[in-house]
Every structure is written in structure tokens, then in C-alpha cells.
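Shown next: protein-v3.cif, given as mmCIF, C-alpha atoms and all ligand atoms.
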```
data_structure
loop_
_atom_site.label_atom_id
_atom_site.label_comp_id
_atom_site.auth_asym_id
_atom_site.auth_seq_id
_atom_site.Cartn_x
_atom_site.Cartn_y
_atom_site.Cartn_z
CA MET A 1247 116.27 175.63 115.37
CA LEU A 1248 113.24 177.87 114.67
CA ASP A 1249 112.88 176.40 111.17
CA TYR A 1250 112.72 172.94 112.69
CA ILE A 1251 110.07 174.12 115.14
CA ARG A 1252 107.95 175.77 112.40
CA ASN A 1253 108.17 172.65 110.22
CA CYS A 1254 107.24 170.45 113.14
CA LEU A 1255 104.09 172.53 113.84
CA ASP A 1256 103.15 172.59 110.13
CA ASP A 1257 103.58 168.84 109.94
CA LEU A 1258 101.31 168.28 112.97
CA LYS A 1259 98.67 170.59 111.44
CA SER A 1260 98.76 168.76 108.12
CA LYS A 1261 98.12 165.46 109.93
CA ASN A 1262 95.34 166.83 112.18
CA LEU A 1263 97.56 166.09 115.18
CA TYR A 1264 98.02 169.73 116.23
CA ARG A 1265 96.80 170.42 119.77
CA SER A 1266 95.39 173.73 120.98
CA LEU A 1267 94.01 175.13 124.20
CA LYS A 1268 90.30 175.87 124.22
CA ASP A 1269 88.18 178.12 126.38
CA ARG A 1270 85.72 176.14 128.46
CA ASP A 1271 82.03 176.93 128.10
CA GLU A 1272 80.80 176.82 131.72
CA MET A 1273 77.21 176.12 130.57
CA ALA A 1274 78.18 173.03 128.57
CA VAL A 1275 77.90 169.48 129.93
CA ASP A 1276 81.43 168.20 130.41
CA PHE A 1277 82.22 164.55 129.63
CA SER A 1278 85.93 165.21 129.28
CA GLY A 1279 86.98 165.63 132.92
CA ASN A 1280 88.29 163.17 135.49
CA ASP A 1281 86.34 164.51 138.47
CA TYR A 1282 84.81 161.04 138.78
CA LEU A 1283 83.12 161.57 142.16
CA GLY A 1284 81.96 165.11 141.46
CA LEU A 1285 84.04 166.59 144.30
CA LEU A 1286 85.61 169.58 142.50
CA TYR A 1287 83.32 172.14 144.14
CA ASN A 1288 82.67 170.30 147.39
CA LYS A 1289 82.58 173.02 150.06
CA GLU A 1290 84.06 170.92 152.86
CA SER A 1291 86.98 169.79 150.67
CA ILE A 1292 87.77 173.36 149.69
CA GLU A 1293 87.52 174.38 153.35
CA ALA A 1294 89.94 171.57 154.32
CA GLY A 1295 92.40 172.88 151.72
CA ARG A 1296 92.00 176.42 153.05
CA LYS A 1297 92.57 175.25 156.61
CA ALA A 1298 95.80 173.49 155.63
CA ALA A 1299 96.96 176.62 153.80
CA LYS A 1300 96.24 178.74 156.89
CA ILE A 1301 98.36 176.45 159.06
CA TYR A 1302 101.18 175.59 156.64
CA GLY A 1303 101.16 178.48 154.16
CA SER A 1304 100.00 178.95 150.57
CA GLY A 1305 103.07 177.15 149.23
CA SER A 1306 105.68 174.79 150.61
CA SER A 1307 108.71 177.04 150.12
CA GLY A 1308 111.15 174.24 149.40
CA SER A 1309 111.54 170.60 148.48
CA ARG A 1310 110.54 167.99 151.06
CA LEU A 1311 114.24 167.39 151.77
CA LEU A 1312 114.81 171.07 152.61
CA SER A 1313 112.12 173.32 154.11
CA GLY A 1314 109.02 171.74 152.57
CA ASN A 1315 108.34 168.73 154.77
CA LYS A 1316 105.21 169.85 156.65
CA ALA A 1317 103.59 167.53 159.18
CA ILE A 1318 100.51 167.18 156.98
CA PHE A 1319 102.56 165.29 154.35
CA GLU A 1320 103.66 162.65 156.82
CA GLU A 1321 100.22 162.34 158.37
CA PHE A 1322 98.65 161.77 154.97
CA GLU A 1323 101.40 159.35 153.92
CA SER A 1324 100.78 157.22 157.03
CA GLN A 1325 97.08 157.17 156.30
CA ILE A 1326 97.61 156.15 152.66
CA ALA A 1327 100.07 153.42 153.66
CA ALA A 1328 97.61 151.97 156.21
CA ASP A 1329 94.66 152.08 153.79
CA LYS A 1330 96.67 150.53 150.95
CA ASN A 1331 98.24 147.83 153.17
CA PHE A 1332 101.84 148.96 152.75
CA GLU A 1333 104.55 149.91 155.23
CA SER A 1334 104.87 153.41 153.85
CA ALA A 1335 103.92 155.91 151.18
CA LEU A 1336 105.60 158.86 149.50
CA ILE A 1337 103.74 161.92 148.21
CA LEU A 1338 104.95 163.52 144.98
CA ASN A 1339 103.81 166.64 143.15
CA SER A 1340 101.78 164.99 140.41
CA GLY A 1341 101.03 161.63 138.88
CA PHE A 1342 103.29 162.53 135.98
CA ILE A 1343 106.19 163.25 138.32
CA ALA A 1344 105.52 160.14 140.42
CA ASN A 1345 105.62 157.90 137.35
CA ALA A 1346 108.49 159.59 135.53
CA SER A 1347 110.58 159.75 138.70
CA THR A 1348 110.00 156.07 139.42
CA THR A 1349 110.96 154.86 135.96
CA GLN A 1350 113.97 157.19 136.18
CA ALA A 1351 115.01 155.92 139.63
CA LEU A 1352 114.44 152.29 138.65
CA SER A 1353 116.37 152.58 135.37
CA ILE A 1354 119.29 150.77 136.93
CA PRO A 1355 122.23 149.08 135.17
CA ASP A 1356 121.18 145.79 133.58
CA GLY A 1357 117.60 146.58 134.50
CA VAL A 1358 114.61 145.60 132.39
CA LEU A 1359 111.42 147.67 132.57
CA ILE A 1360 108.50 145.62 131.25
CA PHE A 1361 105.54 147.69 130.06
CA ASP A 1362 101.98 147.12 128.95
CA LYS A 1363 102.10 148.92 125.59
CA LEU A 1364 99.31 151.29 126.57
CA ASN A 1365 100.96 152.58 129.73
CA HIS A 1366 100.67 156.33 130.26
CA ALA A 1367 103.31 158.61 128.70
CA SER A 1368 104.58 159.64 132.15
CA MET A 1369 105.97 156.14 132.77
CA TYR A 1370 107.84 156.22 129.46
CA PHE A 1371 109.14 159.72 130.15
CA GLY A 1372 111.54 158.79 132.95
CA ILE A 1373 113.24 155.76 131.40
CA ASP A 1374 116.99 156.11 131.00
CA PRO A 1375 117.84 153.91 127.99
CA THR A 1376 121.56 154.20 128.72
CA ARG A 1377 121.00 152.18 131.88
CA ALA A 1378 117.90 150.03 131.52
CA LYS A 1379 116.08 148.31 128.71
CA LEU A 1380 112.39 148.83 127.88
CA VAL A 1381 110.47 145.73 126.74
CA ARG A 1382 106.74 145.91 125.98
CA TYR A 1383 103.90 143.40 125.79
CA LYS A 1384 100.68 143.84 123.84
CA HIS A 1385 97.96 145.52 125.85
CA LEU A 1386 96.66 143.09 128.54
CA ASN A 1387 98.41 140.14 126.87
CA TYR A 1388 99.75 138.20 129.86
CA ASP A 1389 100.96 135.26 127.76
CA GLU A 1390 103.32 137.63 126.03
CA LEU A 1391 104.29 139.10 129.40
CA GLU A 1392 105.16 135.61 130.61
CA ASP A 1393 107.26 134.96 127.49
CA ILE A 1394 109.20 138.15 128.24
CA LEU A 1395 109.66 137.15 131.88
CA LYS A 1396 110.96 133.74 130.77
CA LYS A 1397 113.39 135.39 128.38
CA TYR A 1398 114.76 137.56 131.20
CA VAL A 1399 114.56 134.89 133.88
CA ASP A 1400 118.19 135.40 134.87
CA CYS A 1401 117.92 139.17 135.04
CA LYS A 1402 117.81 140.23 138.69
CA ASN A 1403 116.62 143.77 138.08
CA LYS A 1404 113.28 143.51 136.36
CA ILE A 1405 110.07 145.36 137.05
CA ILE A 1406 106.62 145.20 135.46
CA PHE A 1407 104.65 148.45 134.99
CA SER A 1408 100.90 148.56 134.37
CA GLU A 1409 97.94 150.80 134.91
CA THR A 1410 95.12 149.11 136.82
CA VAL A 1411 92.29 150.95 135.03
CA PHE A 1412 93.62 152.13 131.68
CA GLY A 1413 92.91 155.82 131.24
CA MET A 1414 92.35 155.80 127.48
CA ASP A 1415 90.71 152.43 126.79
CA GLY A 1416 88.79 152.24 130.08
CA ASP A 1417 89.58 148.54 130.53
CA ILE A 1418 91.07 146.80 133.55
CA ALA A 1419 94.35 144.94 134.02
CA ASP A 1420 94.25 141.38 135.33
CA LEU A 1421 95.78 142.07 138.72
CA ARG A 1422 95.72 138.42 139.73
CA ALA A 1423 97.87 137.57 136.69
CA LEU A 1424 100.23 140.47 137.36
CA SER A 1425 100.63 139.47 141.00
CA TYR A 1426 101.19 135.81 140.11
CA LEU A 1427 103.64 136.44 137.27
CA SER A 1428 105.68 139.04 139.13
CA GLN A 1429 106.11 136.67 142.07
CA LYS A 1430 106.77 133.60 139.92
CA TYR A 1431 109.57 135.34 138.00
CA GLY A 1432 110.95 137.49 140.82
CA ALA A 1433 110.04 140.85 139.28
CA LEU A 1434 109.01 144.00 141.09
CA LEU A 1435 105.54 145.27 140.17
CA PHE A 1436 104.46 148.90 139.73
CA LEU A 1437 100.74 149.64 139.45
CA ASP A 1438 99.27 152.99 138.38
CA GLU A 1439 95.86 153.56 140.02
CA ALA A 1440 95.28 157.06 138.56
CA HIS A 1441 91.89 156.09 137.12
CA ALA A 1442 90.94 153.42 139.67
CA THR A 1443 91.25 155.77 142.64
CA GLY A 1444 87.83 156.87 143.84
CA LEU A 1445 85.85 154.24 141.97
CA TYR A 1446 87.38 150.81 142.51
CA GLY A 1447 88.69 148.59 145.28
CA LYS A 1448 88.04 148.56 149.00
CA ASN A 1449 86.54 151.92 150.01
CA GLY A 1450 87.19 153.16 146.48
CA LEU A 1451 90.90 153.52 147.17
CA GLY A 1452 92.17 151.58 144.17
CA LEU A 1453 91.92 148.09 142.72
CA SER A 1454 95.12 146.81 144.31
CA THR A 1455 93.29 146.66 147.67
CA ASP A 1456 91.19 143.75 146.30
CA PHE A 1457 94.17 141.51 145.55
CA GLU A 1458 97.11 139.95 147.35
CA PHE A 1459 100.51 141.33 146.44
CA ASP A 1460 103.91 140.86 147.96
CA PRO A 1461 104.12 144.24 149.73
CA SER A 1462 107.91 144.16 149.76
CA LYS A 1463 108.05 143.89 145.95
CA THR A 1464 105.11 146.03 144.84
CA LEU A 1465 104.72 149.77 144.38
CA VAL A 1466 101.26 151.25 143.94
CA MET A 1467 100.90 154.76 142.62
CA GLY A 1468 97.69 156.82 142.69
CA THR A 1469 96.85 160.42 141.83
CA PHE A 1470 94.99 163.06 143.82
CA SER A 1471 94.22 164.87 140.56
CA LYS A 1472 91.27 162.89 139.25
CA ALA A 1473 88.53 161.52 141.57
CA LEU A 1474 90.19 163.18 144.56
CA ALA A 1475 89.71 166.57 142.87
CA SER A 1476 93.06 168.05 143.91
CA SER A 1477 96.65 167.69 142.71
CA GLY A 1478 99.55 165.42 143.56
CA ALA A 1479 100.13 161.69 143.84
CA TYR A 1480 101.39 158.98 146.15
CA ILE A 1481 103.47 155.86 145.83
CA ALA A 1482 102.68 153.19 148.43
CA CYS A 1483 105.51 150.70 148.96
CA SER A 1484 107.92 149.18 151.49
CA ARG A 1485 110.14 151.37 153.71
CA LEU A 1486 113.15 150.19 151.75
CA LEU A 1487 111.70 151.26 148.41
CA LYS A 1488 110.49 154.59 149.84
CA ASP A 1489 113.95 155.23 151.21
CA TYR A 1490 115.46 154.46 147.79
CA LEU A 1491 112.97 156.77 146.00
CA ILE A 1492 113.78 159.61 148.43
CA GLN A 1493 117.46 159.25 147.52
CA LYS A 1494 117.04 158.79 143.77
CA SER A 1495 113.78 160.30 142.42
CA LYS A 1496 114.73 163.54 140.75
CA GLY A 1497 111.11 164.74 140.72
CA PHE A 1498 111.04 164.33 144.50
CA ILE A 1499 114.45 165.79 145.26
CA TYR A 1500 114.55 168.75 142.90
CA SER A 1501 111.03 170.16 143.11
CA THR A 1502 109.27 172.29 145.71
CA ALA A 1503 106.81 170.20 147.71
CA LEU A 1504 103.12 170.32 146.81
CA SER A 1505 101.07 173.22 148.14
CA PRO A 1506 99.46 172.52 151.55
CA PHE A 1507 96.07 173.49 150.05
CA CYS A 1508 96.30 170.53 147.64
CA ILE A 1509 97.28 168.15 150.42
CA GLY A 1510 94.51 169.39 152.74
CA ALA A 1511 91.84 168.97 150.04
CA ALA A 1512 93.21 165.61 148.84
CA GLN A 1513 93.38 164.24 152.38
CA TYR A 1514 89.81 165.31 153.07
CA ASN A 1515 88.61 163.71 149.83
CA TRP A 1516 90.60 160.53 150.51
CA ARG A 1517 88.60 160.08 153.72
CA LEU A 1518 85.36 161.17 152.11
CA THR A 1519 85.79 158.66 149.28
CA LYS A 1520 85.42 155.82 151.77
CA THR A 1521 81.80 156.91 152.37
CA LEU A 1522 80.78 157.30 148.72
CA GLU A 1523 79.76 153.72 147.92
CA ASN A 1524 76.39 154.82 146.50
CA GLU A 1525 77.98 157.41 144.23
CA ARG A 1526 80.43 154.78 142.94
CA ARG A 1527 77.65 152.33 142.19
CA ARG A 1528 75.61 155.00 140.43
CA VAL A 1529 78.53 156.18 138.25
CA LEU A 1530 79.30 152.64 137.12
CA GLU A 1531 75.63 151.84 136.47
CA LEU A 1532 75.13 155.03 134.44
CA ALA A 1533 78.32 154.32 132.49
CA GLY A 1534 77.14 150.77 131.70
CA VAL A 1535 73.82 152.02 130.32
CA LEU A 1536 75.47 154.85 128.37
CA ARG A 1537 78.07 152.52 126.81
CA GLU A 1538 75.35 150.16 125.63
CA LYS A 1539 73.23 152.94 124.16
CA ILE A 1540 76.24 154.44 122.37
CA SER A 1541 77.04 151.03 120.84
CA ASP A 1542 73.39 150.68 119.82
CA LEU A 1543 73.81 153.91 117.85
CA GLY A 1544 76.50 152.13 115.82
CA TYR A 1545 79.58 153.67 117.43
CA ASN A 1546 82.62 151.54 118.25
CA THR A 1547 83.22 151.69 122.02
CA ILE A 1548 85.74 148.78 122.06
CA GLY A 1549 85.96 146.68 125.18
CA ALA A 1550 85.70 149.42 127.77
CA GLU A 1551 84.17 148.25 131.05
CA THR A 1552 84.55 151.20 133.40
CA ASN A 1553 83.20 154.77 133.58
CA ILE A 1554 85.65 155.67 130.79
CA ILE A 1555 84.01 155.19 127.39
CA PRO A 1556 86.18 155.58 124.30
CA ILE A 1557 84.50 155.96 120.91
CA ILE A 1558 86.99 154.86 118.30
CA PHE A 1559 87.36 156.40 114.83
CA GLU A 1560 89.57 155.37 111.96
CA LYS A 1561 90.45 158.94 111.03
CA MET A 1562 91.35 161.82 113.31
CA ASN A 1563 89.19 164.07 111.14
CA ASP A 1564 86.08 162.08 112.06
CA ALA A 1565 86.84 162.29 115.79
CA LEU A 1566 87.41 166.05 115.45
CA SER A 1567 84.20 166.55 113.54
CA VAL A 1568 82.15 164.64 116.18
CA ASN A 1569 83.92 166.67 118.88
CA GLN A 1570 82.95 169.88 117.05
CA LYS A 1571 79.34 168.82 116.51
CA LEU A 1572 78.97 167.85 120.17
CA ALA A 1573 80.42 171.23 121.18
CA GLU A 1574 77.82 172.99 119.01
CA ARG A 1575 75.19 171.12 121.06
CA GLY A 1576 76.72 172.19 124.39
CA ILE A 1577 78.67 169.00 125.12
CA ILE A 1578 82.37 168.85 125.89
CA ALA A 1579 83.97 165.55 124.90
CA SER A 1580 87.71 165.27 124.33
CA ALA A 1581 89.00 164.26 120.91
CA ILE A 1582 92.20 162.35 121.64
CA ARG A 1583 95.01 162.18 119.12
CA PRO A 1584 97.72 159.56 118.78
CA PRO A 1585 100.17 159.12 120.41
CA THR A 1586 98.11 159.98 123.53
CA SER A 1587 95.93 157.03 122.54
CA PRO A 1588 96.73 154.32 119.98
CA THR A 1589 93.78 155.28 117.74
CA PRO A 1590 91.82 158.52 117.20
CA ARG A 1591 88.91 158.69 119.59
CA ILE A 1592 86.41 160.64 121.61
CA ARG A 1593 87.04 159.89 125.27
CA LEU A 1594 84.00 160.17 127.52
CA ALA A 1595 84.07 159.83 131.29
CA VAL A 1596 80.89 159.49 133.34
CA THR A 1597 81.09 161.15 136.76
CA ALA A 1598 78.89 161.49 139.84
CA ALA A 1599 78.17 165.07 138.76
CA HIS A 1600 76.26 163.85 135.67
CA SER A 1601 72.49 163.57 135.72
CA GLU A 1602 70.41 161.21 133.61
CA SER A 1603 69.33 164.18 131.51
CA ASP A 1604 73.02 164.98 130.80
CA LEU A 1605 73.37 161.46 129.42
CA GLU A 1606 70.18 161.86 127.36
CA ARG A 1607 71.52 165.11 125.95
CA LEU A 1608 74.76 163.40 124.94
CA LEU A 1609 72.93 160.48 123.33
CA GLU A 1610 70.61 162.79 121.43
CA ALA A 1611 73.63 164.69 120.10
CA LEU A 1612 75.48 161.49 119.16
CA LYS A 1613 72.39 160.30 117.32
C1 LIG B 1 97.31 156.63 133.85
C2 LIG B 1 97.81 157.97 134.26
N1 LIG B 1 98.89 158.04 135.04
C3 LIG B 1 99.39 159.23 135.42
C4 LIG B 1 98.79 160.41 135.04
C5 LIG B 1 99.39 161.72 135.46
O1 LIG B 1 98.74 162.19 136.60
P1 LIG B 1 98.69 163.74 136.93
O2 LIG B 1 97.64 164.34 136.05
O3 LIG B 1 98.36 163.79 138.38
O4 LIG B 1 100.02 164.31 136.63
C6 LIG B 1 97.65 160.37 134.27
C7 LIG B 1 96.93 161.63 133.93
O5 LIG B 1 96.80 162.14 132.93
C8 LIG B 1 97.15 159.13 133.84
O6 LIG B 1 96.09 159.06 133.04
#
```
For this file, write the structure as C-alpha cells.
Ligand SMILES: Cc1ncc(COP(=O)(O)O)c(C=O)c1O
Amino acid sequence: MLDYIRNCLDDLKSKNLYRSLKDRDEMAVDFSGNDYLGLLYNKESIEAGRKAAKIYGSGSSGSRLLSGNKAIFEEFESQIAADKNFESALILNSGFIANASTTQALSIPDGVLIFDKLNHASMYFGIDPTRAKLVRYKHLNYDELEDILKKYVDCKNKIIFSETVFGMDGDIADLRALSYLSQKYGALLFLDEAHATGLYGKNGLGLSTDFEFDPSKTLVMGTFSKALASSGAYIACSRLLKDYLIQKSKGFIYSTALSPFCIGAAQYNWRLTKTLENERRRVLELAGVLREKISDLGYNTIGAETNIIPIIFEKMNDALSVNQKLAERGIIASAIRPPTSPTPRIRLAVTAAHSESDLERLLEALK
């Protein structure tokens, strides 16, 4: 066993795919985080977390089905359901757990899970191939999705999974097409709003709020860990689907509920997000200008259209060397390795905490 493990690590190192933890330089300008609205150090949000901890404790002491179901969970779930136009919502401990537990719970006999190829690893993680089949369409290729739906027209247990804003490419799914195709072919639809939450849709609460979906056949997941500057995630859906997930999601049943601090801070930031229209506009405007200037420098930023700007490289070595050179100039920018993303890249995310001079500093360094 240990020989296998040593060989595996050596192999990753030889291919430049070896990952390591780095100390963060607090003085550096950080373009690698997902704190899109700049709320991480917001005093009122931290105070709201503290207040919840004072009332409900520093931890939850048990799973939601045992001792962990504090009133604050249900309050927040009702609020999320109302804001997302669903009957109900279920809070889970992280986006990863929400996604993996859903693909696990919906891996049902004769089921077909239909994926955009660039879906996040957490969705893949829960699939049980002994029960359900995974079929994938090329990223954002809805003609291919329709071909797949036609092929499985007689299958009663099919569900389409897609991110709304894709976390690595920074592009946006065609939600009208997903809504239309899922209804036309009788498929359930699961949307991951991890990167849309905070920046897109009505009141910044996710893109799905801008489109019409069949609320009895759609599940919308969003995280509290990115723009909402906390931890945890929700799935908004019908009462029937929530009930099913409570019975079948292993990540819900077998894990201690989220800490009340996280819920208190996330709930505060959920409400606050509704008032941050100007911050949203500014982030997206800054990102648009930055993307254009980076392309003008000759870098390949592919078709990104959000605050997430990927710079694509053919070789991992090149991405790592740019990452290193930026770090020497006081800029943190993640170098992302396959299979996290399909190609080596530097992933930049513009947030409300960035100033114009931060962007200038980045551009100067990239030059
Ligand atoms: C698209 C997407 N979904 C889900 C997750 C997982 O969310 P969390 O970090 O809350 O576990 C991530 C985060 O990395 C993500 O990018």
C-alpha cells in the first residue's frame, strides 16, 4: 500500500500535478478567493454569527435528525425557500456535501444522471455507478444535451445537472435552454449556484431567480462559502424532494449539523446581499475591464463573462511560473491543475474588496 502511495506522489510531482498547502502572505493582494462581495471581515456579519453561537452553542452537537436541529436552521430554510421561489429548502454542511449527497441520493436504479462535462467534482463524487448511469454532454452544448435526452426518452428517472456560473471557466449556462429541455423531456433539473450566489439574479441570490422553472421538478443548490463569506449550503426544492433528501442523503443523515456561528453569519449575509446592488455592478464592471486588459496583453482568457477570469496555458509549468512570478510581486493568483480544470490555468476572481489600484498592480505584474 505505502509503495503505491509513494509512487502515486512521485508520479504527480513528475507531471507538475502535485498540490501543496501554502502560507498566505497577508500583505499580498489576493485574486484567488471567492469572497466576491468582500464580506469576510464584515463586523455585523461576524456579530450575527457570534449571537447565534451564544444562543445555540459553538457547535450543533448532533446531526439534524438527532440533537442538531436548531430553530435557526428552519428559519433560514424558510427564508431561502421564499426568496428562491420554492416550497422548501434544506441546509447541508457544505456545497461539496450538498452536491455529493444529491447525486448519491438520486443514483436510483435505472436512473440516468446527465452532466455538463465541466460540472464540479463534488457532483461526480456521489454517483453510484452500480445503480445509475452517468452521461455527459460537451460544456454548454445543448444540442448534444437534447440528443442525449432523445436517446433516453423512455427513461423515467433522468436528471440534468449543471452549474449556473461555472467556477473554473467563469461562463454562464443557458438556463432558458435547460428549463425548456428538462420540461420537454420530463427530466428533473439540478442547478449549482455556488458562483452565482451574491452576484447574479434577483437580489443577487442566484441566476435561477431570473428564469421560470417547474418548481416541482427543479432543485437549486447554492453555497454559503463564497460570496456569503461563511460555510454551508442549501438545496431549494419541493417538499417532496426535500423529504426524500432527508431520508436518503448520507451527508445530511450521518454528519453533525453545521455550527450555529456559520448559519448566523450566512443568514445575515443572505439578507445583506439583497442591498448590495452597487457592489455587484462595480465587481462586474471591474472584471469586464480587467478581462479586456489581460487579453490585450496577449493572454488567453477564453470566453469568460463573469467576475471569474481564467488565463489558459498549454503547459502546467507555464501556469506555475506565472503564479510564482505574481507571488514575487505580492499577488496571489491560483494556478489550477487538471483535473480540477480541463486545462492548466491561472484563475482570477475579482471581488468587491479589490480597488482599482489592486487591478493596476496585477496588470503591471502580468505585463
Ligand atoms: C461549482 C461548485 N460547487 C460546489 C462547490 C463546493 O462548495 P463548498 O466549498 O461549500 O464545499 C464548489 C467549491 O469549490 C464549487 O466551485
Worksheet item: Using all atoms listed in the file, which residue out of A:Asn1365, A:Ser1567, A:Ser1484, A:Ser1454 lies closest to ligand LIG 1 (chain B)?
Response: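 Selected residue with least distance to ligand LIG 1 (chain B): A:Asn1365.
From CA of Arg1377 (chain A) back to CA of Leu1486 (chain A), the distance works out to 21.5 Å.
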Item to complete: Compile the contact shell of Asp1456 (chain A) as a ChimeraX atom specification: residues with an atom at most 7 Å away, counting only C-alpha atoms, same-chain residues fewer than 3 positions apart removed.
Response: /A:1447-1448,1453
Go ahead and dump the residues you just picked, C-alpha atoms, as a CSV table (one decimal), in the coordinates of the input.
```
chain,number,residue,atom,x,y,z
A,1447,GLY,CA,88.7,148.6,145.3
A,1448,LYS,CA,88.0,148.6,149.0
A,1453,LEU,CA,91.9,148.1,142.7
```
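Proximity ranking of A:Ile1578, A:Leu1338, A:Ile1406, A:Ala1328 relative to Thr1455 (chain A) places A:Ala1328 first, based on only C-alpha atoms.
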Fill in: Interatomic distance (Å, one decimal) between CA of Arg1527 (chain A) and CA of Tyr1545 (chain A)
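It comes out at 24.9 Å.
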Considering only C-alpha atoms and all ligand atoms, give me a table of residues in chain A that are at most 6 Å from ligand LIG 1 (chain B), with the closest atom pair and distance in Å for each, as CSV.
```
residue,atom,partner,partner_atom,distance
A:Ser1340,CA,B:LIG1,O3,4.2
A:Gly1341,CA,B:LIG1,O1,3.3
A:Phe1342,CA,B:LIG1,O4,3.8
A:His1366,CA,B:LIG1,C1,4.9
A:Glu1409,CA,B:LIG1,C1,6.0
A:Gly1413,CA,B:LIG1,O6,4.9
A:Ala1440,CA,B:LIG1,C2,5.1
A:Thr1469,CA,B:LIG1,O3,5.1
A:Ser1471,CA,B:LIG1,O3,4.8
A:Gly1478,CA,B:LIG1,O3,5.6
```
Worksheet item: Do you know which residues lie at most 9 Å from (103.5, 142.8, 147.8), with coordinates as in the file and all atoms listed in the file counted, and could you write them as JSON, numbers by chain?
Response: {"A": [1332, 1425, 1429, 1434, 1435, 1458, 1459, 1460, 1461, 1462, 1463, 1464, 1465, 1483, 1484]}
Fill in: Top pick for closest residue to Ile1405 (chain A), considering A:Ser1368, A:Ser1353, A:Thr1552, A:Asn1449 and counting all atoms listed in the file
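Checking each of A:Ser1368, A:Ser1353, A:Thr1552, A:Asn1449 against Ile1405 (chain A), counting all atoms listed in the file, the winner is A:Ser1353.
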Worksheet entry | One-decimal distance in Å that lies between CA of Ser1408 (chain A) and CA of Arg1310 (chain A) | 27.4 Å
Find the spatial neighbours of region 1586-1595 of chain A, counting all atoms listed in the file, within a cut-off of 10 Å - ignore same-chain residues fewer than 3 positions away - and output them as a compact mmCIF listing (two decimals) with C-alpha atoms, keeping the file's coordinate frame.
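Wrote it out as out29.txt, contents follow:
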```txt
# COMPACT_ATOMS: atom_id res chain seq x y z
CA LEU A 1263 97.56 166.09 115.18
CA ASP A 1276 81.43 168.20 130.41
CA PHE A 1277 82.22 164.55 129.63
CA SER A 1278 85.93 165.21 129.28
CA GLY A 1279 86.98 165.63 132.92
CA ASN A 1280 88.29 163.17 135.49
CA ASP A 1281 86.34 164.51 138.47
CA TYR A 1282 84.81 161.04 138.78
CA LYS A 1363 102.10 148.92 125.59
CA LEU A 1364 99.31 151.29 126.57
CA ASN A 1365 100.96 152.58 129.73
CA HIS A 1366 100.67 156.33 130.26
CA ALA A 1367 103.31 158.61 128.70
CA GLY A 1413 92.91 155.82 131.24
CA MET A 1414 92.35 155.80 127.48
CA ASP A 1415 90.71 152.43 126.79
CA GLY A 1416 88.79 152.24 130.08
CA VAL A 1529 78.53 156.18 138.25
CA ALA A 1533 78.32 154.32 132.49
CA ARG A 1537 78.07 152.52 126.81
CA ASN A 1546 82.62 151.54 118.25
CA THR A 1547 83.22 151.69 122.02
CA THR A 1552 84.55 151.20 133.40
CA ASN A 1553 83.20 154.77 133.58
CA ILE A 1554 85.65 155.67 130.79
CA ILE A 1555 84.01 155.19 127.39
CA PRO A 1556 86.18 155.58 124.30
CA ILE A 1557 84.50 155.96 120.91
CA ILE A 1558 86.99 154.86 118.30
CA PHE A 1559 87.36 156.40 114.83
CA GLU A 1560 89.57 155.37 111.96
CA LYS A 1561 90.45 158.94 111.03
CA MET A 1562 91.35 161.82 113.31
CA ASN A 1563 89.19 164.07 111.14
CA ASP A 1564 86.08 162.08 112.06
CA ALA A 1565 86.84 162.29 115.79
CA LEU A 1566 87.41 166.05 115.45
CA VAL A 1568 82.15 164.64 116.18
CA ASN A 1569 83.92 166.67 118.88
CA ILE A 1578 82.37 168.85 125.89
CA ALA A 1579 83.97 165.55 124.90
CA SER A 1580 87.71 165.27 124.33
CA ALA A 1581 89.00 164.26 120.91
CA ILE A 1582 92.20 162.35 121.64
CA ARG A 1583 95.01 162.18 119.12
CA HIS A 1600 76.26 163.85 135.67
```
Fill in: Spatial neighbours of Ile1481 (chain A), max dist 6 Å, all atoms listed in the file, sep filter under 2 positions, as JSON, numbers by chain
{"A": [1335, 1336, 1466, 1467]}
Practice prompt. Show which residues sit within 7 Å of region 1267-1275 of chain A, as a list of chain:residue names. Count all atoms listed in the file, and ignore same-chain residues fewer than 5 positions away.
Written response: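 Non-adjacent residues within range: A:Gly1576, A:Ile1577, A:Ile1578, A:Asp1604.
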Worksheet entry | Surrounding residues of region 1508-1523 of chain A excluding itself and chain neighbours under 2 positions, 9 Å, all atoms listed in the file, as number ranges by chain | A: 1283, 1285, 1290-1299, 1318-1319, 1322, 1325-1326, 1444-1445, 1448-1451, 1470-1471, 1473-1478, 1504-1506, 1525-1528
Discussion item. So, with all atoms listed in the file as the atoms that count, which of A:Glu1610, A:Ile1548, A:Glu1602, A:Val1535 lies closest to Leu1572 (chain A)?
Written reply: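 When distances to Leu1572 (chain A) are compared using all atoms listed in the file, the smallest one comes from A:Glu1610.
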